[in-house]
Each structure stands twice: as C-alpha cells, then as structure tokens.
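Notes for the one structure printed next.
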Amino acid sequence: MKTKTKIGKQVKKKLNRELFETIIIAKKNDAWLKVASLLSSPKSRRIIVNLSEIEKQTKEGDTVVIPGKILSQGDITKKIRVAALGFSESAREKLLKTKSEVVTLMEEIKKNPKANGIKIIGDSK
C-alpha cells in the first residue's frame, strides 16, 4: 500500500475537484487509506466494475465500496448500499429499481469514518 506522502503527491495532479476532495478525506482516516491509495493511482488504472460482478460478490444488505465507476452490464437482484466514485446512468437506474441505496464515496466516508462493514470490490490486490 502507498504511504500518505505518496498519496499526497499524486493527489496534487488530480484536476477533478470531487476526486481530489474524496482522496483528501479518505487519506485523513486510516480506515479509508486503502481507498485513497486506489483513487490516487493514474486514471489508466482506475477501477471499473459491472453490476454482474457486484451481484456475484455480494449478499443482501451488504455495503459495497467501489473506488472507481460502476457500469450497467448485468443485473442486480439484491438490495444493497453502494458507494462509488461514479455510476453510469443505466447502472444507477438498475440499482434504484432494486431499492438499493446509491451514494458517493465522499458521503460514505463522512457517514462511516471507521469503515465498519464495508466490502471493497474491484481491488485486485
């Protein structure tokens, strides 16, 4: 995992204000350091997850964190809480049809600073 110093250097290169602020908030909290590390990586390494992958790796009531974007390929049948950096419009619609809760990473970090009960999907390490 990256050090806070390395994350700090990488975050200075980010032009997206929301991404910048999310990384800063995550970096300040040790429980969210892994997410900050993944988000501060170059854009070419950004995590992209389809709904089919989320469906395979979750169970009803899970809180899922995707340090990247969620795309709509596949279907979701469970009611879950999903926090991600971004959602495709159709992925958001499919999640809302199942009455799942859809939030940004920043909202989740502020609501759950200790990262209790989260499951990070899309991290290959």
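Labels used: A, B, ... for chains in the order of the structure tokens, numbers from 1 for residues in each chain, and numbers from 1 for ligands as shown.
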
For this session: Please provide as a list of chain:residue names all residues within 8 Å of segment 29-33 of chain A, with the sequence filter that same-chain residues fewer than 4 positions apart are discarded (counting only C-alpha atoms).
Result: A:Lys4, A:Ile25, A:Ser37, A:Ile109, A:Pro113, A:Lys114, A:Ala115

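Closest approach to Ile118 of chain A from the set A:Arg81, A:Arg92, A:Lys97, A:Lys13 is made by A:Arg81, with distances taken over only C-alpha atoms.
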
Exercise. Could you pull out the alpha helix (DSSP H) residues of segment 3-93 of chain A from DSSP and send them as a PyMOL selection string?
Worked result: chain A and resi 4-11+17-27+33-39+51-57+89-93

Exercise. So which residues touch Gln10 of chain A within 9 Å, counting only C-alpha atoms, skipping near sequence neighbours fewer than 5 positions away, as a list of chain:residue names?
Worked result: A:Thr5, A:Ser40, A:Ser41, A:Pro42

Go ahead and write the selection's residues with N, CA and C atoms as a compact mmCIF listing (two decimals), in the first residue's frame.
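Contents of again12.txt, freshly written:
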# COMPACT_ATOMS: atom_id res chain seq x y z
N THR A 5 2.34 10.10 2.20
CA THR A 5 3.14 11.09 1.46
C THR A 5 3.00 10.87 -0.04
N SER A 40 -5.90 7.50 -5.88
CA SER A 40 -4.82 8.40 -6.26
C SER A 40 -3.98 7.83 -7.41
N SER A 41 -4.22 6.59 -7.78
CA SER A 41 -3.49 5.98 -8.89
C SER A 41 -3.83 6.69 -10.20
N PRO A 42 -3.00 6.49 -11.22
CA PRO A 42 -3.29 7.11 -12.52
C PRO A 42 -4.64 6.67 -13.08

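The space separating atom CA of Gly74 of chain A from atom CA of Gly61 of chain A comes to 19.0 Å.
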
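Atom pair atom CA of Ile76 of chain A / atom CA of Val35 of chain A has a distance of 23.5 Å (rounded to one decimal).
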
Problem set entry | Residues within 10 Å of Leu96 of chain A, only C-alpha atoms, excluding chain neighbours under 5 positions, as a PyMOL selection string | chain A and resi 76+79-80+90-91+101-102

Include N, CA and C atoms and write out the residues we just selected as a PDB file, in the first residue's frame.
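Final file, part-v4.pdb:
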ATOM      1  N   ILE A  76     -28.738  -6.694 -11.135  1.00  0.00           N
ATOM      2  CA  ILE A  76     -28.591  -6.805  -9.690  1.00  0.00           C
ATOM      3  C   ILE A  76     -29.957  -7.175  -9.120  1.00  0.00           C
ATOM      4  N   LYS A  79     -30.914  -5.973  -2.537  1.00  0.00           N
ATOM      5  CA  LYS A  79     -30.958  -4.614  -2.006  1.00  0.00           C
ATOM      6  C   LYS A  79     -29.665  -4.417  -1.215  1.00  0.00           C
ATOM      7  N   ILE A  80     -28.805  -3.517  -1.719  1.00  0.00           N
ATOM      8  CA  ILE A  80     -27.517  -3.257  -1.087  1.00  0.00           C
ATOM      9  C   ILE A  80     -27.276  -1.753  -1.024  1.00  0.00           C
ATOM     10  N   SER A  90     -27.438   4.194 -16.551  1.00  0.00           N
ATOM     11  CA  SER A  90     -28.248   2.971 -16.533  1.00  0.00           C
ATOM     12  C   SER A  90     -27.918   2.085 -15.332  1.00  0.00           C
ATOM     13  N   ALA A  91     -26.676   2.110 -14.855  1.00  0.00           N
ATOM     14  CA  ALA A  91     -26.322   1.343 -13.647  1.00  0.00           C
ATOM     15  C   ALA A  91     -27.045   1.928 -12.437  1.00  0.00           C
ATOM     16  N   GLU A 101     -29.408   1.528  -2.091  1.00  0.00           N
ATOM     17  CA  GLU A 101     -29.011   2.894  -1.772  1.00  0.00           C
ATOM     18  C   GLU A 101     -27.743   3.222  -2.553  1.00  0.00           C
ATOM     19  N   VAL A 102     -27.755   4.339  -3.271  1.00  0.00           N
ATOM     20  CA  VAL A 102     -26.642   4.750  -4.117  1.00  0.00           C
ATOM     21  C   VAL A 102     -26.075   6.050  -3.563  1.00  0.00           C
TER      22      VAL A 102
END

Problem set entry | Residue contacts of Ala36 of chain A (6 Å, only C-alpha atoms) excluding same-chain residues fewer than 4 positions away, as a PyMOL selection string | chain A and resi 23+26-27

For this session: Please provide as a count of residues only all residues within 12 Å of Asn16 of chain A, with the sequence filter that same-chain residues fewer than 3 positions apart are discarded (counting only C-alpha atoms).
Result: 12

Do a neighbour search on Thr63 of chain A at 12 Å with only C-alpha atoms, toss out local chain neighbours closer than 3 positions, and write the hits as a PDB file with C-alpha atoms, in the first residue's frame.
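Okay, out15.pdb is ready:
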ATOM      1  CA  ILE A  54     -21.261  -6.807  -7.775  1.00  0.00           C
ATOM      2  CA  GLN A  57     -19.617 -10.826  -4.780  1.00  0.00           C
ATOM      3  CA  THR A  58     -22.369  -9.512  -2.514  1.00  0.00           C
ATOM      4  CA  LYS A  59     -25.274 -10.669  -0.425  1.00  0.00           C
ATOM      5  CA  GLU A  60     -28.446  -8.865   0.637  1.00  0.00           C
ATOM      6  CA  ILE A  66     -16.057   0.712  -5.495  1.00  0.00           C
ATOM      7  CA  LYS A  78     -30.280  -7.684  -4.096  1.00  0.00           C
ATOM      8  CA  LYS A  79     -30.958  -4.614  -2.006  1.00  0.00           C
ATOM      9  CA  ILE A  80     -27.517  -3.257  -1.087  1.00  0.00           C
ATOM     10  CA  ARG A  81     -25.803   0.029  -0.273  1.00  0.00           C
ATOM     11  CA  VAL A  82     -23.339   1.068  -2.987  1.00  0.00           C
ATOM     12  CA  ALA A  83     -20.732   3.807  -2.701  1.00  0.00           C
ATOM     13  CA  ALA A  84     -18.660   4.614  -5.772  1.00  0.00           C
ATOM     14  CA  SER A 100     -30.574  -0.183  -3.295  1.00  0.00           C
ATOM     15  CA  GLU A 101     -29.011   2.894  -1.772  1.00  0.00           C
ATOM     16  CA  VAL A 102     -26.642   4.750  -4.117  1.00  0.00           C
ATOM     17  CA  VAL A 103     -24.138   7.222  -2.592  1.00  0.00           C
ATOM     18  CA  LEU A 105     -17.633   7.774  -1.848  1.00  0.00           C
ATOM     19  CA  GLU A 108     -19.901   7.149   2.663  1.00  0.00           C
ATOM     20  CA  ASN A 112     -18.934   5.798   8.144  1.00  0.00           C
ATOM     21  CA  ALA A 115     -15.276   1.923   7.531  1.00  0.00           C
ATOM     22  CA  ASN A 116     -17.382  -0.548   9.514  1.00  0.00           C
ATOM     23  CA  GLY A 117     -18.924  -3.347   7.465  1.00  0.00           C
ATOM     24  CA  ILE A 118     -17.731  -2.217   4.049  1.00  0.00           C
ATOM     25  CA  LYS A 119     -16.652  -4.526   1.275  1.00  0.00           C
ATOM     26  CA  ILE A 120     -14.268  -3.135  -1.345  1.00  0.00           C
ATOM     27  CA  ILE A 121     -14.870  -4.568  -4.811  1.00  0.00           C
TER      28      ILE A 121
END

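Every residue of segment 74-123 of chain A found in strand (DSSP E or B) when DSSP is run on the backbone appears here: Arg81, Val82, Ala83, Ala84, Leu85, Gly86, Phe87, Glu101, Val102, Val103, Thr104, Ile118, Lys119 and Ile120 of chain A.
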
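Atom to atom, atom CA of Ser72 of chain A and atom CA of Asp123 of chain A stand 18.6 Å apart.
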